[in-house]
Amino acid sequence: MTITRLHPGPRMSQAVVHNNTVYLAGQVGTAGADVATQTQDCMDAIDRLLAETGSDKSKLLQVVIWLADMADFQEMNAVYDAWIDPANPAARACGEAKLATPDYKVEFIVTAAI
């Protein structure tokens, strides 16, 4: 059994690969930016991390989205919908949660295949 950890820190790794599955840490955008900018930042980070593991958004299995305020749902979805591979959409959940600081408006948690 092989487990590969990418960009490990004292608290977490940014990605963990096990059995051809990639688990990403929660991705957040630029603190204080609007939700569209933060969402795009997250999409860019997800793309980079998946590429490092040999995966991409066509292999997404699950996306969990936490919004600080569900009033931002449509604005976040406008960016997400432009990014997601429409031929291979992931199982997805979205809810409202208090994030690490009030400066964060959205966080994405992704699982993908390799």
# chains A, B, ... in the order shown; residues from 1 in each chain; ligands from 1

$ residues_around --residues "Ser55 of chain A" --least-positions-apart "5" --cutoff "8 Å" --atoms "only C-alpha atoms" --output "list in words"
Leu50, Ala112, Ala113 and Ile114 of chain A

$ write_last_selection --atoms "all heavy atoms" --output "compact mmCIF listing (two decimals), in the first residue's frame"
# COMPACT_ATOMS: atom_id res chain seq x y z
N LEU A 50 -4.43 18.69 -9.03
CA LEU A 50 -4.79 17.48 -9.77
C LEU A 50 -3.74 17.17 -10.83
O LEU A 50 -3.37 16.01 -11.01
CB LEU A 50 -6.18 17.63 -10.39
CG LEU A 50 -7.35 17.65 -9.42
CD1 LEU A 50 -8.66 17.84 -10.17
CD2 LEU A 50 -7.40 16.38 -8.57
N ALA A 112 -10.83 12.92 -6.39
CA ALA A 112 -10.76 12.59 -7.81
C ALA A 112 -10.04 11.27 -8.02
O ALA A 112 -9.26 10.82 -7.15
CB ALA A 112 -10.04 13.69 -8.60
N ALA A 113 -10.27 10.66 -9.16
CA ALA A 113 -9.54 9.47 -9.56
C ALA A 113 -8.31 9.88 -10.34
O ALA A 113 -8.20 11.01 -10.84
CB ALA A 113 -10.44 8.59 -10.44
N ILE A 114 -7.37 8.96 -10.45
CA ILE A 114 -6.19 9.21 -11.29
C ILE A 114 -6.37 8.46 -12.59
O ILE A 114 -6.83 7.36 -12.63
CB ILE A 114 -4.89 8.75 -10.59
CG1 ILE A 114 -4.68 9.64 -9.37
CG2 ILE A 114 -3.71 8.81 -11.53
CD1 ILE A 114 -3.42 9.32 -8.60

$ residues_around --residues "Met70 of chain A" --least-positions-apart "5" --cutoff "10 Å" --atoms "only C-alpha atoms" --output "PyMOL selection string"
chain A and resi 75-76+94-97+105-106

$ write_last_selection --atoms "all heavy atoms" --output "PDB file, in the first residue's frame"
ATOM      1  N   GLU A  75     -23.526  33.407  -7.540  1.00  0.00           N
ATOM      2  CA  GLU A  75     -22.244  33.974  -7.987  1.00  0.00           C
ATOM      3  C   GLU A  75     -21.157  32.902  -8.025  1.00  0.00           C
ATOM      4  O   GLU A  75     -20.364  32.833  -8.974  1.00  0.00           O
ATOM      5  CB  GLU A  75     -21.841  35.132  -7.078  1.00  0.00           C
ATOM      6  CG  GLU A  75     -20.632  35.898  -7.565  1.00  0.00           C
ATOM      7  CD  GLU A  75     -20.292  37.094  -6.693  1.00  0.00           C
ATOM      8  OE1 GLU A  75     -21.027  37.410  -5.743  1.00  0.00           O
ATOM      9  OE2 GLU A  75     -19.240  37.715  -6.974  1.00  0.00           O
ATOM     10  N   MET A  76     -21.120  32.042  -7.008  1.00  0.00           N
ATOM     11  CA  MET A  76     -20.154  30.945  -6.990  1.00  0.00           C
ATOM     12  C   MET A  76     -20.434  29.988  -8.145  1.00  0.00           C
ATOM     13  O   MET A  76     -19.524  29.568  -8.857  1.00  0.00           O
ATOM     14  CB  MET A  76     -20.228  30.200  -5.645  1.00  0.00           C
ATOM     15  CG  MET A  76     -19.316  28.990  -5.517  1.00  0.00           C
ATOM     16  SD  MET A  76     -19.956  27.441  -6.217  1.00  0.00           S
ATOM     17  CE  MET A  76     -21.420  27.172  -5.237  1.00  0.00           C
ATOM     18  N   CYS A  94     -23.318  21.238  -1.490  1.00  0.00           N
ATOM     19  CA  CYS A  94     -22.999  22.626  -1.151  1.00  0.00           C
ATOM     20  C   CYS A  94     -23.811  23.018   0.070  1.00  0.00           C
ATOM     21  O   CYS A  94     -25.025  22.781   0.114  1.00  0.00           O
ATOM     22  CB  CYS A  94     -23.316  23.552  -2.326  1.00  0.00           C
ATOM     23  SG  CYS A  94     -22.875  25.282  -2.029  1.00  0.00           S
ATOM     24  N   GLY A  95     -23.142  23.591   1.042  1.00  0.00           N
ATOM     25  CA  GLY A  95     -23.831  24.029   2.247  1.00  0.00           C
ATOM     26  C   GLY A  95     -23.212  25.298   2.783  1.00  0.00           C
ATOM     27  O   GLY A  95     -22.198  25.784   2.283  1.00  0.00           O
ATOM     28  N   GLU A  96     -23.846  25.821   3.801  1.00  0.00           N
ATOM     29  CA  GLU A  96     -23.361  27.036   4.445  1.00  0.00           C
ATOM     30  C   GLU A  96     -22.617  26.652   5.712  1.00  0.00           C
ATOM     31  O   GLU A  96     -23.079  25.788   6.472  1.00  0.00           O
ATOM     32  CB  GLU A  96     -24.540  27.949   4.773  1.00  0.00           C
ATOM     33  CG  GLU A  96     -24.132  29.292   5.353  1.00  0.00           C
ATOM     34  CD  GLU A  96     -25.330  30.197   5.572  1.00  0.00           C
ATOM     35  OE1 GLU A  96     -25.803  30.792   4.588  1.00  0.00           O
ATOM     36  OE2 GLU A  96     -25.799  30.286   6.723  1.00  0.00           O
ATOM     37  N   ALA A  97     -21.464  27.283   5.921  1.00  0.00           N
ATOM     38  CA  ALA A  97     -20.662  26.988   7.105  1.00  0.00           C
ATOM     39  C   ALA A  97     -19.847  28.214   7.497  1.00  0.00           C
ATOM     40  O   ALA A  97     -19.507  29.038   6.652  1.00  0.00           O
ATOM     41  CB  ALA A  97     -19.710  25.828   6.828  1.00  0.00           C
ATOM     42  N   LYS A 105     -14.938  33.295   1.826  1.00  0.00           N
ATOM     43  CA  LYS A 105     -16.340  33.191   1.443  1.00  0.00           C
ATOM     44  C   LYS A 105     -16.713  31.808   0.934  1.00  0.00           C
ATOM     45  O   LYS A 105     -17.880  31.458   0.916  1.00  0.00           O
ATOM     46  CB  LYS A 105     -16.671  34.238   0.375  1.00  0.00           C
ATOM     47  CG  LYS A 105     -16.482  35.672   0.864  1.00  0.00           C
ATOM     48  CD  LYS A 105     -16.845  36.670  -0.207  1.00  0.00           C
ATOM     49  CE  LYS A 105     -16.625  38.091   0.251  1.00  0.00           C
ATOM     50  NZ  LYS A 105     -17.460  38.491   1.364  1.00  0.00           N
ATOM     51  N   VAL A 106     -15.703  31.030   0.498  1.00  0.00           N
ATOM     52  CA  VAL A 106     -15.987  29.718  -0.077  1.00  0.00           C
ATOM     53  C   VAL A 106     -14.786  28.798   0.126  1.00  0.00           C
ATOM     54  O   VAL A 106     -13.637  29.253   0.156  1.00  0.00           O
ATOM     55  CB  VAL A 106     -16.351  29.839  -1.586  1.00  0.00           C
ATOM     56  CG1 VAL A 106     -15.182  30.373  -2.405  1.00  0.00           C
ATOM     57  CG2 VAL A 106     -16.886  28.539  -2.152  1.00  0.00           C
TER      58      VAL A 106
END

$ select_by_dssp --residues "chain A" --states "alpha helix (DSSP H)" --output "PyMOL selection string"
chain A and resi 35-53+73-83

$ residues_around --residues "segment 47-49 of chain A" --least-positions-apart "3" --cutoff "10 Å" --atoms "only C-alpha atoms" --output "PyMOL selection string"
chain A and resi 6-7+14-15+22-25+41-44+52-57+83

$ closest_residue --among "A:Ala91, A:Ala68, A:Ala100, A:Val110" --to "Asp34 of chain A" --atoms "only C-alpha atoms"
A:Ala68

$ select_by_dssp --residues "chain A" --states "strand (DSSP E or B)" --output "ChimeraX atom specification"
/A:3-8,13-18,21-24,27-28,60-67,91-96,106-113

$ atom_distance --atom1 "atom CA of Pro8 of chain A" --atom2 "atom CA of Ile109 of chain A"
16.5 Å

$ residues_around --residues "Arg92 of chain A" --least-positions-apart "2" --cutoff "7 Å" --atoms "only C-alpha atoms" --output "PyMOL selection string"
chain A and resi 62-64+90+94

$ residues_around --residues "Val79 of chain A" --least-positions-apart "6" --cutoff "8 Å" --atoms "only C-alpha atoms" --output "PyMOL selection string"
chain A and resi 36+39-40

$ write_last_selection --atoms "C-alpha atoms" --output "tab-separated table (two decimals), in the first residue's frame"
chain	number	residue	atom	x	y	z
A	36	ALA	CA	-16.28	34.95	-7.73
A	39	THR	CA	-14.03	30.57	-6.44
A	40	GLN	CA	-11.74	31.07	-9.44

$ closest_residue --among "A:Thr30, A:Asn88, A:Thr37, A:Thr111" --to "Ile65 of chain A" --atoms "only C-alpha atoms"
A:Thr111

$ closest_residue --among "A:Tyr80, A:Phe108, A:Pro102, A:Pro86" --to "Ala31 of chain A" --atoms "only C-alpha atoms"
A:Pro102
